[in-house]
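Undergrad: Hey, dropping my_file_28.cif in here, mmCIF, C-alpha atoms:
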data_run
loop_
_atom_site.label_atom_id
_atom_site.label_comp_id
_atom_site.auth_asym_id
_atom_site.auth_seq_id
_atom_site.Cartn_x
_atom_site.Cartn_y
_atom_site.Cartn_z
CA MET M 839 -21.19 32.64 -37.27
CA LEU M 840 -19.27 35.82 -37.83
CA GLY M 841 -20.24 39.24 -36.55
CA ALA M 842 -22.08 41.55 -38.94
CA THR M 843 -20.84 44.73 -40.53
CA GLY M 844 -22.87 47.85 -41.08
CA ASN M 845 -21.87 49.49 -44.35
CA PRO M 846 -20.26 48.18 -47.52
CA GLY M 847 -16.49 48.04 -47.06
CA SER M 848 -16.74 48.75 -43.34
CA VAL M 849 -14.79 46.87 -40.74
CA SER M 850 -16.31 45.37 -37.63
CA ARG M 851 -15.24 43.12 -34.81
CA ASN M 852 -15.92 39.41 -34.94
CA SER M 853 -17.74 38.68 -31.71
CA HIS M 854 -17.36 34.90 -31.70
CA SER M 855 -13.77 33.86 -32.53
CA PRO M 856 -11.23 33.43 -29.74
CA MET M 857 -7.71 34.72 -30.29
CA GLU M 858 -5.21 31.90 -30.57
CA ALA M 859 -2.17 33.09 -28.70
CA GLY M 860 -0.18 29.90 -29.11
CA GLY M 861 0.74 29.94 -25.44
CA GLU M 862 2.56 33.28 -25.66
CA SER M 863 2.79 35.42 -22.56
CA GLU M 864 0.56 38.47 -22.57
CA ALA M 865 3.15 40.56 -20.70
CA LEU M 866 4.99 43.16 -22.72
CA PRO M 867 8.67 42.31 -22.94
CA GLY M 868 11.13 44.85 -21.61
CA ARG M 869 13.63 44.21 -24.38
CA GLY M 870 13.79 42.47 -27.74
CA ARG M 871 13.36 43.42 -31.34
CA GLY M 872 13.21 47.11 -32.14
CA LEU M 873 9.86 48.66 -32.89
CA GLU M 874 10.84 49.63 -36.44
CA THR M 875 12.14 46.12 -37.19
CA SER M 876 8.99 44.54 -35.75
CA PHE M 877 6.74 46.83 -37.78
CA ALA M 878 8.74 46.17 -40.95
CA SER M 879 8.30 42.45 -40.32
CA LEU M 880 4.55 42.93 -39.85
CA CYS M 881 4.36 44.72 -43.21
CA GLN M 882 5.11 41.51 -45.14
CA PHE M 883 1.66 40.30 -44.01
CA ILE M 884 -0.20 43.26 -45.50
CA TRP M 885 -2.72 42.89 -48.31
CA VAL M 886 -4.41 45.93 -49.83
CA GLN M 887 -8.13 46.22 -50.45
CA GLY M 888 -8.73 49.95 -50.56
CA GLU M 889 -6.44 50.27 -47.53
CA PRO M 890 -3.52 48.25 -46.12
CA LEU M 891 -4.76 45.23 -44.16
CA PRO M 892 -2.36 43.07 -42.15
CA LEU M 893 -3.88 39.57 -42.26
CA ILE M 894 -2.90 38.06 -38.92
CA TYR M 895 -5.29 35.13 -38.63
CA GLU M 896 -3.73 32.84 -36.02
CA ILE M 897 -1.47 34.54 -33.51
CA GLY M 898 1.21 32.02 -32.66
CA HIS M 899 1.10 30.27 -36.06
CA GLU M 900 4.56 29.55 -37.43
CA ILE M 901 3.91 31.55 -40.61
CA TYR M 902 4.06 34.64 -38.36
CA THR M 903 6.39 33.55 -35.57
CA GLN M 904 9.12 32.54 -38.02
CA GLN M 905 9.19 36.20 -39.04
CA GLY M 906 9.23 37.48 -35.45
CA ILE M 907 5.54 38.33 -35.14
CA ASP M 908 3.97 36.98 -31.96
CA LEU M 909 1.63 38.28 -29.26
CA PRO M 910 4.25 40.26 -27.28
CA VAL M 911 5.43 42.01 -30.45
CA LEU M 912 1.84 42.80 -31.48
CA LYS M 913 1.15 44.22 -28.03
CA ARG M 914 4.22 46.48 -28.29
CA LEU M 915 3.01 47.71 -31.71
CA GLU M 916 -0.42 48.36 -30.19
CA VAL M 917 1.05 50.33 -27.28
CA ALA M 918 3.07 52.36 -29.82
CA GLY M 919 -0.20 53.31 -31.56
CA LEU M 920 0.56 51.52 -34.84
CA ILE M 921 -2.06 48.76 -34.68
CA ALA M 922 -5.32 47.83 -33.00
CA LEU M 923 -5.40 44.28 -31.65
CA GLU M 924 -8.74 42.49 -31.27
CA PRO M 925 -8.91 39.00 -29.71
CA ALA M 926 -12.19 38.18 -31.49
CA GLY M 927 -10.92 39.40 -34.86
CA TYR M 928 -12.13 41.86 -37.46
CA LEU M 929 -14.38 41.47 -40.52
CA LYS M 930 -14.73 43.56 -43.66
CA GLY M 931 -17.97 43.48 -45.60
CA ARG M 932 -20.44 43.67 -47.39
CA PHE M 933 -18.90 42.46 -50.57
CA GLY M 934 -20.73 41.50 -53.72
CA ARG M 935 -19.79 38.34 -55.60
CA HIS M 936 -16.19 39.48 -56.22
CA ALA M 937 -13.41 41.41 -54.51
CA ARG M 938 -9.93 42.38 -55.64
CA LEU M 939 -7.01 42.41 -53.26
CA PHE M 940 -3.32 43.04 -53.80
CA TYR M 941 -0.41 41.34 -52.14
CA HIS M 942 2.51 43.59 -53.05
CA ASP M 943 2.04 44.01 -56.82
CA LYS M 944 0.13 40.73 -57.26
CA LEU M 945 -3.60 41.10 -57.92
CA THR M 946 -5.81 38.36 -56.51
CA LYS M 947 -9.50 38.14 -57.32
CA LEU M 948 -11.81 36.51 -54.79
CA ARG M 949 -15.11 34.99 -55.75
CA PHE M 950 -17.39 34.66 -52.76
CA PRO M 951 -19.96 31.87 -52.41
CA GLN M 952 -22.93 34.24 -52.31
CA ALA M 953 -24.03 36.95 -54.74
CA GLU M 954 -24.07 39.66 -52.03
CA ASN M 955 -23.50 40.47 -48.36
CA ASN M 956 -20.21 38.56 -48.18
CA ARG M 957 -17.67 39.18 -45.43
CA LEU M 958 -13.94 38.77 -45.37
CA GLU M 959 -12.17 37.81 -42.15
CA LEU M 960 -9.23 40.14 -41.55
CA GLY M 961 -7.71 38.45 -38.53
CA HIS M 962 -6.80 40.07 -35.23
CA VAL M 963 -4.94 43.21 -36.33
CA LEU M 964 -5.86 46.49 -38.00
CA LEU M 965 -3.54 49.37 -38.67
CA THR M 966 -4.26 52.69 -37.00
CA ASP M 967 -4.13 55.82 -39.14
CA THR M 968 -0.51 56.28 -38.02
CA GLY M 969 0.22 52.64 -38.81
CA LYS M 970 -1.29 53.00 -42.29
CA ILE M 971 0.99 55.94 -43.08
CA HIS M 972 4.09 54.04 -41.97
CA ALA M 973 2.97 50.84 -43.73
CA LEU M 974 2.44 52.60 -47.04
CA ASP M 975 5.95 54.04 -46.74
CA MET M 976 7.41 50.58 -46.01
CA LEU M 977 5.50 48.38 -48.46
CA ASP M 978 7.79 49.04 -51.42
CA ALA M 979 10.84 48.07 -49.37
CA THR M 980 9.20 44.93 -47.93
CA LYS M 981 9.77 41.66 -49.73
CA PRO M 982 6.74 39.44 -50.38
CA ASN M 983 6.54 36.22 -48.38
CA GLN M 984 5.48 33.45 -50.80
CA ALA M 985 4.68 30.98 -48.00
CA PHE M 986 2.35 33.55 -46.42
CA TYR M 987 0.70 34.26 -49.78
CA GLU M 988 -0.01 30.54 -50.21
CA TYR M 989 -1.23 30.29 -46.59
CA VAL M 990 -3.80 33.06 -47.21
CA ILE M 991 -4.93 31.64 -50.57
CA ASP M 992 -5.39 28.19 -48.98
CA ARG M 993 -7.33 29.70 -46.06
CA TRP M 994 -9.69 31.56 -48.40
CA PHE M 995 -10.20 28.43 -50.48
CA ARG M 996 -11.06 26.39 -47.36
CA GLN M 997 -13.63 29.09 -46.44
CA GLY M 998 -15.46 28.50 -49.72
CA MET M 999 -14.02 31.39 -51.70
CA ILE M 1000 -12.41 30.94 -55.09
CA PRO M 1001 -9.18 32.92 -55.31
CA SER M 1002 -7.50 33.52 -58.65
CA SER M 1003 -4.31 35.38 -59.46
CA VAL M 1004 -3.95 37.55 -62.49
CA LEU M 1005 -0.71 36.96 -64.35
CA LYS M 1006 1.12 39.86 -65.93
CA ARG M 1007 1.55 39.85 -69.69
CA ARG M 1008 5.09 39.51 -70.89
#
Please lay out the structure from this file as structure tokens.
TA:
Amino acid sequence: MLGATGNPGSVSRNSHSPMEAGGESEALPGRGRGLETSFASLCQFIWVQGEPLPLIYEIGHEIYTQQGIDLPVLKRLEVAGLIALEPAGYLKGRFGRHARLFYHDKLTKLRFPQAENNRLELGHVLLTDTGKIHALDMLDATKPNQAFYEYVIDRWFRQGMIPSSVLKRR
């Protein structure tokens, strides 16, 4: 069972899910990808639901690691004050029957299984206020990742939600 949230639209920690690190070392690397490059890569995983939300569900999953996002990179971004990293994960709730989220300019509607008090798992990462400012500046320059979009849609579907995309009129 997932942790509870207090107010509608509030975010809380999930107190029961372990972080899957995929065997990555928890030590911060002394060299590697630049902070700006790493943050730009993280931005392709951002959905927007009132605020930018990086959906990092399984640290170590290839959908993220193929784009250079792994536990050492996330820890560097946390130390830099751009993200908050929570091993148990974060939740956003209390949603009614429906929610609308955007992935880049693509609107996705979610229908939850219950009429009220629904929660959305956000994964292990939240942006800090500083991170939100930088992410909003970078989102327009970041290309959408279709494989990630499909990964999230499939995950929501397996959790009992019904996602639907709104197509633009031509």
Undergrad: Would you mind telling me which residue in M:Ala953, M:Ile884, M:Ala918, M:Leu873 lies nearest to Asp978 of chain M when using only C-alpha atoms?
TA: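 Closest residue, counting only C-alpha atoms: M:Ile884.
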Undergrad: With distances taken over only C-alpha atoms, which residue among M:Leu920, M:Leu958, M:Leu909, M:Ile991 lies nearest Gln887 of chain M?
TA: M:Leu958
Undergrad: Do you have the atom CA of Val886 of chain M-atom CA of Lys947 of chain M distance handy?
TA: 11.9 Å
Undergrad: To verify the selection step, state as a list in words which residues the PyMOL selection byres ((chain M and resi 921) around 10) yields on this input.
TA: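 Checked against the file, the PyMOL selection byres ((chain M and resi 921) around 10) matches Phe877, Pro892, Leu912, Lys913, Arg914, Leu915, Glu916, Val917, Ala918, Gly919, Leu920, Ala922, Leu923, Glu924, His962, Val963, Leu964, Leu965, Thr966, Asp967, Thr968, Gly969 and Lys970 of chain M.
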Undergrad: Keeping C-alpha atoms for every residue in the selection just given, could you write it to a file as a short mmCIF file (atom, residue, chain, number, x, y, z; two decimals), in the frame of the given file?
TA:
data_model
loop_
_atom_site.label_atom_id
_atom_site.label_comp_id
_atom_site.auth_asym_id
_atom_site.auth_seq_id
_atom_site.Cartn_x
_atom_site.Cartn_y
_atom_site.Cartn_z
CA PHE M 877 6.74 46.83 -37.78
CA PRO M 892 -2.36 43.07 -42.15
CA LEU M 912 1.84 42.80 -31.48
CA LYS M 913 1.15 44.22 -28.03
CA ARG M 914 4.22 46.48 -28.29
CA LEU M 915 3.01 47.71 -31.71
CA GLU M 916 -0.42 48.36 -30.19
CA VAL M 917 1.05 50.33 -27.28
CA ALA M 918 3.07 52.36 -29.82
CA GLY M 919 -0.20 53.31 -31.56
CA LEU M 920 0.56 51.52 -34.84
CA ALA M 922 -5.32 47.83 -33.00
CA LEU M 923 -5.40 44.28 -31.65
CA GLU M 924 -8.74 42.49 -31.27
CA HIS M 962 -6.80 40.07 -35.23
CA VAL M 963 -4.94 43.21 -36.33
CA LEU M 964 -5.86 46.49 -38.00
CA LEU M 965 -3.54 49.37 -38.67
CA THR M 966 -4.26 52.69 -37.00
CA ASP M 967 -4.13 55.82 -39.14
CA THR M 968 -0.51 56.28 -38.02
CA GLY M 969 0.22 52.64 -38.81
CA LYS M 970 -1.29 53.00 -42.29
#
Undergrad: Using only C-alpha atoms, find the one residue out of M:Arg993, M:Ser876, M:Tyr941, M:Lys930 that sits nearest to Pro910 of chain M.
TA: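 Of all the options, M:Ser876 lies closest to Pro910 of chain M.
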Undergrad: Take atom CA of Arg935 of chain M and atom CA of Phe950 of chain M and report the distance between them in Å, one decimal.
TA: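 Distance between the two atoms: 5.2 Å.
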Undergrad: Spell out the residues picked by the PyMOL selection byres ((chain M and resi 959) around 9) here, as a list in words.
TA: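 Checked against the file, the PyMOL selection byres ((chain M and resi 959) around 9) matches Leu840, Asn852, Leu893, Tyr895, Gly927, Tyr928, Leu929, Lys930, Gly931, Arg957, Leu958, Leu960 and Gly961 of chain M.
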Undergrad: Take atom CA of Pro982 of chain M and atom CA of Leu891 of chain M and report the distance between them in Å, one decimal.
TA: 14.3 Å
Undergrad: Please evaluate the PyMOL selection byres ((chain M and resi 939) around 10) against the displayed coordinates and give the resulting residues as a ChimeraX atom specification.
TA: /M:885-891,937-938,940-948,1001,1003
